[in-house]
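Encoded as structure tokens, the structure appears first; notes follow it.
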Amino acid sequence: MSTKTRFAPSPTGYLHVGGARTALFSWLHARKHGGKYVLRIEDTDLQRSTTESINAILEAMTWLGLDYDEGPFYQTRRFDRYNEVIDELLEKNLAYRCNCSRERLDALREGQMQRKEKPRYDGHCRGQLVTDSEPHVIRFRNPVDGCVIIDDQVRGRIVFHNDELDDLIIRRTDGSPTYNLTVVVDDLDMEITDVIRGDDHVNNTPRQVNILKALGKEPPRYAHVPMILGDDGSRLSKRHGAVSVMEYRNQGILPEALLNYLVRLGWSHGDEELFTLDQMVEFFDIKDVNKAASAFNTEKLLWINQHYIKNADPARLARLLSIHLGDLGIDPATGPDLVAVVAEQRERARTLVEMAEISAFFYRDYEDFDEGAAKKHLKAAAQEPLQQLRDRFTLLDDWEKEKLHQAVTEVAGVLGLNMGKVAQPLRVAVTGRAASPGIDITLQLVGKEACLRRIDRALEYIGTRVEENAP
């Protein structure tokens, strides 16, 4: 049987980056072995599952580019199939009805905890006759002898003794099937060969294996990947910052950068840090995933993102950047060519949000000068060069960077100043800050009318400061 993996999120919220890494590992394993990748939505938790969460998961998968070959399948549309399997287990005496009250189960658990025993169901209804007309659950009749051996592709051999497992509920009183039953049936029907999931599912595995064996089926291969930690060593959560895949998109992270970062959380190929998707498929081996948990490092993600921004196609970056400019209330169609702006700014930003913020001046007048830049460069000594530049710019019909560079050079020469004494005050006047692309291309992209207007504003600012400092 060819390799087949699945990603099976529960739609009870956003797609967590931990889930995204699991999805990536499953996708890479399938692609590595020429297999298929299935997307399954495990939405049997009817109270917590929402359409919004389903859409968020689908949107995140599309943004990441993790294409699936089959699905999405929805468990809520497969209840008839689950009930068919439960009925089969009942007929073969591999499951039974249980009418134990909540009070009895609570008392049982409390007594076990007081005796410092592992809380579990005691099999009270195994030999009882419980009719289907009274409220009841269905429990799987777990073997009481022997053990379950899992040769986990990440954690190695794990042994579970059956006498430590209880008879888990496979159908609730309201008739809905439980997670451990639905997962088994789905993996069986969808012919899943490799289950790659978080290690929080390790304790579910022996239960699922026993159900599969009761049905006369061989279990898939399992690989349980460790959790992702925050920088403080606790499980990654919102208090550490962004944890949702789409939050990272909103913060200006490129999908290829996030995938590159996630694949390195617990997996490595020598000392290499940067991988294209094709290289990930070529080099990835699930058996090379580390058993230990990995800590999320935002600075490392930003470093990787900056690499991808620098090397991305400017036209594609422009399409992505336009969204973030829109978030700032800027219509990029009202200013210079966005591809040209990206070409000048892509080495100056670690995220698309940063790029939008440092590029806003190309499309609208800044609100205030950067205080430090203005204090340093918009002094009385800058008044004369700015005035001469304004006079020359006014006469320019050809607003191209070569002519603009020539004008700046000539003013510096006439006044006997080095270029910095002329270009820096001009830069602060036009952009509101001390850093920007080359002054000539900056002037060209901002445009003549805006440049003259902003130089006037800088001259007024200098004049006010001179008056305030006058004796």
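So you can find residues: chains in the structure tokens are A, B, ... in the order shown, residues in each start at 1, and ligands are numbered from 1 in order.
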Under the rule of at most 12 Å, produce a per-residue listing of region 64-104 of chain A near region 256-262 of chain A: chain, number, name, the closest pair of atoms, and the distance in Å, as CSV, using only C-alpha atoms.
residue,atom,partner,partner_atom,distance
A:Leu64,CA,A:Glu256,CA,7.2
A:Gly65,CA,A:Glu256,CA,8.6
A:Leu66,CA,A:Leu259,CA,9.7
Keeping only N, CA and C atoms, take the residues you just selected and write them out as a CSV table (one decimal), in the first residue's frame.
chain,number,residue,atom,x,y,z
A,64,LEU,N,-0.6,28.6,3.6
A,64,LEU,CA,0.7,27.8,3.7
A,64,LEU,C,1.0,27.1,2.4
A,65,GLY,N,0.1,26.8,1.6
A,65,GLY,CA,0.3,26.1,0.4
A,65,GLY,C,0.5,24.6,0.6
A,66,LEU,N,-0.1,24.1,1.7
A,66,LEU,CA,-0.1,22.6,1.9
A,66,LEU,C,-1.3,22.0,1.3
- Leaving out Asn250 (chain A) and any residue of its chain fewer than 5 positions from it, which residues lie within 9 Å of it when counting only C-alpha atoms, given as a list in words? Val245, His324, Leu352 and Val353 of chain A
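Distance check against Gly329 (chain A) using only C-alpha atoms: of A:Leu302, A:Arg97, A:Arg364, A:Leu181, the minimum falls on A:Arg364.
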- Task: Check the DSSP output for the backbone and give back, as a VMD selection string, the residues of region 64-231 of chain A in strand (DSSP E).
- Result: chain A and resid 70 to 74 95 to 98 137 to 140 147 to 152 156 to 161 169 to 171 194 to 198 221 to 225 228 to 229
Can you write just those residues out, C-alpha atoms, as a compact mmCIF listing (two decimals), in the first residue's frame?
# COMPACT_ATOMS: atom_id res chain seq x y z
CA GLU A 70 -8.39 14.15 -0.57
CA GLY A 71 -10.89 16.01 1.57
CA PRO A 72 -11.75 17.95 3.48
CA PHE A 73 -13.75 15.18 5.12
CA TYR A 74 -16.09 16.05 7.99
CA ALA A 95 -18.48 -3.55 23.26
CA TYR A 96 -21.27 -3.24 25.83
CA ARG A 97 -23.87 -0.85 27.16
CA CYS A 98 -23.17 0.95 30.44
CA VAL A 137 -23.25 4.83 26.85
CA ILE A 138 -21.41 2.26 24.77
CA ARG A 139 -18.02 1.12 26.08
CA PHE A 140 -15.34 -0.78 24.21
CA CYS A 147 0.17 -5.43 26.13
CA VAL A 148 0.17 -3.03 23.18
CA ILE A 149 3.56 -2.37 21.59
CA ILE A 150 3.96 0.78 19.51
CA ASP A 151 7.12 1.15 17.43
CA ASP A 152 6.82 4.91 17.19
CA GLY A 156 10.89 4.50 19.51
CA ARG A 157 9.25 1.48 21.15
CA ILE A 158 6.51 2.22 23.69
CA VAL A 159 4.82 -0.55 25.68
CA PHE A 160 1.35 -0.21 27.25
CA HIS A 161 -0.09 -2.93 29.49
CA ILE A 169 -16.67 5.16 25.99
CA ILE A 170 -17.13 4.96 22.22
CA ARG A 171 -20.67 6.39 22.04
CA ASP A 194 1.11 6.81 8.72
CA VAL A 195 -0.41 8.79 11.58
CA ILE A 196 1.80 11.79 12.39
CA ARG A 197 0.43 13.85 15.28
CA GLY A 198 1.33 15.62 18.52
CA ARG A 221 2.51 3.39 11.67
CA TYR A 222 2.56 6.11 14.33
CA ALA A 223 4.86 9.09 14.80
CA HIS A 224 4.22 11.36 17.78
CA VAL A 225 6.03 14.68 17.49
CA ILE A 228 6.41 23.42 20.82
CA LEU A 229 7.44 25.45 23.86
- Message: At a cut-off of 7 Å, using only C-alpha atoms, what residues contact region 403-413 of chain A? Leave out same-chain residues fewer than 5 positions from it and give the result as a ChimeraX atom specification.
- Response: /A:385,388-389,392,418-419,422,440
Atoms kept (C-alpha atoms) for selection, written as an mmCIF file, in the first residue's frame:
data_model
loop_
_atom_site.group_PDB
_atom_site.id
_atom_site.type_symbol
_atom_site.label_atom_id
_atom_site.label_comp_id
_atom_site.auth_asym_id
_atom_site.auth_seq_id
_atom_site.Cartn_x
_atom_site.Cartn_y
_atom_site.Cartn_z
ATOM 1 C CA PRO A 385 20.808 73.938 1.349
ATOM 2 C CA GLN A 388 18.553 76.047 -2.765
ATOM 3 C CA LEU A 389 17.391 72.475 -3.414
ATOM 4 C CA ARG A 392 16.412 73.883 -8.292
ATOM 5 C CA ASN A 418 29.824 67.218 1.878
ATOM 6 C CA MET A 419 26.879 65.237 0.516
ATOM 7 C CA VAL A 422 22.821 68.229 2.128
ATOM 8 C CA ASP A 440 17.697 60.279 -5.653
#
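Distance-wise, CA of Leu28 (chain A) and CA of Lys300 (chain A) end up 22.0 Å apart.
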- Message: Residues of region 287-429 of chain A classed as alpha helix (DSSP H) by DSSP on the backbone are to be reported as a VMD selection string.
- Response: chain A and resid 298 to 311 314 to 327 338 to 345 352 to 359 371 to 377 383 to 395 401 to 415 419 to 429
Which neighbours of Asp288 (chain A) fall inside 12 Å, counting only C-alpha atoms, when residues of the same chain fewer than 4 positions from it are skipped, and could you give them as an mmCIF file with C-alpha atoms, in the first residue's frame?
data_model
loop_
_atom_site.group_PDB
_atom_site.id
_atom_site.type_symbol
_atom_site.label_atom_id
_atom_site.label_comp_id
_atom_site.auth_asym_id
_atom_site.auth_seq_id
_atom_site.Cartn_x
_atom_site.Cartn_y
_atom_site.Cartn_z
ATOM 1 C CA PHE A 25 5.446 16.995 8.697
ATOM 2 C CA HIS A 29 6.135 12.533 4.599
ATOM 3 C CA GLN A 153 8.783 6.489 14.334
ATOM 4 C CA VAL A 154 9.854 9.373 16.565
ATOM 5 C CA ARG A 155 9.806 8.072 20.141
ATOM 6 C CA GLY A 156 10.885 4.495 19.510
ATOM 7 C CA ALA A 223 4.858 9.088 14.797
ATOM 8 C CA VAL A 225 6.029 14.683 17.486
ATOM 9 C CA VAL A 263 10.364 22.423 9.757
ATOM 10 C CA ARG A 264 13.479 23.264 11.789
ATOM 11 C CA LEU A 265 11.581 22.996 15.084
ATOM 12 C CA GLY A 266 12.625 19.491 16.003
ATOM 13 C CA TRP A 267 14.131 18.434 12.668
ATOM 14 C CA SER A 268 17.475 19.252 11.079
ATOM 15 C CA HIS A 269 19.603 18.450 8.065
ATOM 16 C CA GLY A 270 23.183 19.108 9.050
ATOM 17 C CA PHE A 283 15.716 15.827 2.854
ATOM 18 C CA PHE A 284 12.873 15.245 5.333
ATOM 19 C CA ALA A 292 12.638 16.555 22.771
#
For Arg454 (chain A), find every residue with an atom within 9 Å (counting only C-alpha atoms), except residues of its own chain fewer than 6 positions away, and show them as a PDB file with C-alpha atoms, in the first residue's frame.
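In the end it all went to around-v5.pdb:
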ATOM      1  CA  ASP A 365       2.637  62.984   3.980  1.00  0.00           C
ATOM      2  CA  ALA A 429      12.411  66.760   5.068  1.00  0.00           C
ATOM      3  CA  VAL A 430      10.965  64.407   2.447  1.00  0.00           C
ATOM      4  CA  THR A 431      10.496  61.201   4.477  1.00  0.00           C
ATOM      5  CA  GLY A 432      10.221  62.441   8.058  1.00  0.00           C
TER       6      GLY A 432
END
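Residue nearest Phe7 (chain A), chosen from A:Tyr82, A:Tyr308, A:Tyr37, A:Trp63 and counting only C-alpha atoms: A:Tyr37.
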Tell me which protein, DNA and RNA residues are within 6 Å of Pro11 (chain A), counting only C-alpha atoms, leaving out same-chain ones fewer than 2 positions away, and put them as a PDB file with N, CA and C atoms, in the first residue's frame.
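Saved the output as out_39.pdb:
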ATOM      1  N   GLY A  13     -11.125  26.510  17.054  1.00  0.00           N
ATOM      2  CA  GLY A  13     -10.388  27.780  17.134  1.00  0.00           C
ATOM      3  C   GLY A  13      -9.522  27.941  15.906  1.00  0.00           C
ATOM      4  N   SER A  49     -17.171  23.134  18.083  1.00  0.00           N
ATOM      5  CA  SER A  49     -16.817  23.263  16.671  1.00  0.00           C
ATOM      6  C   SER A  49     -17.651  24.365  16.014  1.00  0.00           C
ATOM      7  N   SER A  53     -14.233  28.484  12.603  1.00  0.00           N
ATOM      8  CA  SER A  53     -12.964  27.785  12.819  1.00  0.00           C
ATOM      9  C   SER A  53     -12.608  26.902  11.629  1.00  0.00           C
ATOM     10  N   ILE A  54     -13.616  26.251  11.046  1.00  0.00           N
ATOM     11  CA  ILE A  54     -13.363  25.431   9.860  1.00  0.00           C
ATOM     12  C   ILE A  54     -12.800  26.300   8.742  1.00  0.00           C
TER      13      ILE A  54
END
- Item | Selection: 9 Å around Ile441 (chain A), only C-alpha atoms, excl. self and same-chain fewer than 5 positions, as a ChimeraX atom specification | /A:344,400-402,404-405,446
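Take the candidates A:Leu105, A:Ile309, A:Val428, A:Met227 and check each one against Ala295 (chain A) using only C-alpha atoms; the shortest distance goes to A:Met227.
Nearest-residue note for Leu443 (chain A): choosing from A:Arg81, A:Lys116, A:Arg427, A:His307, the minimum distance belongs to A:Arg427, counting only C-alpha atoms.
We find CA of Ala107 (chain A) and CA of Asp166 (chain A) to be spaced 16.5 Å apart.
Each of A:Leu459, A:Ala56, A:Leu301, A:Leu46 was compared to Asp174 (chain A) using only C-alpha atoms, and A:Leu46 turns out to be the nearest.
The gap separating CA of Asn55 (chain A) from CA of Lys32 (chain A) is 27.9 Å, in Å to one decimal.
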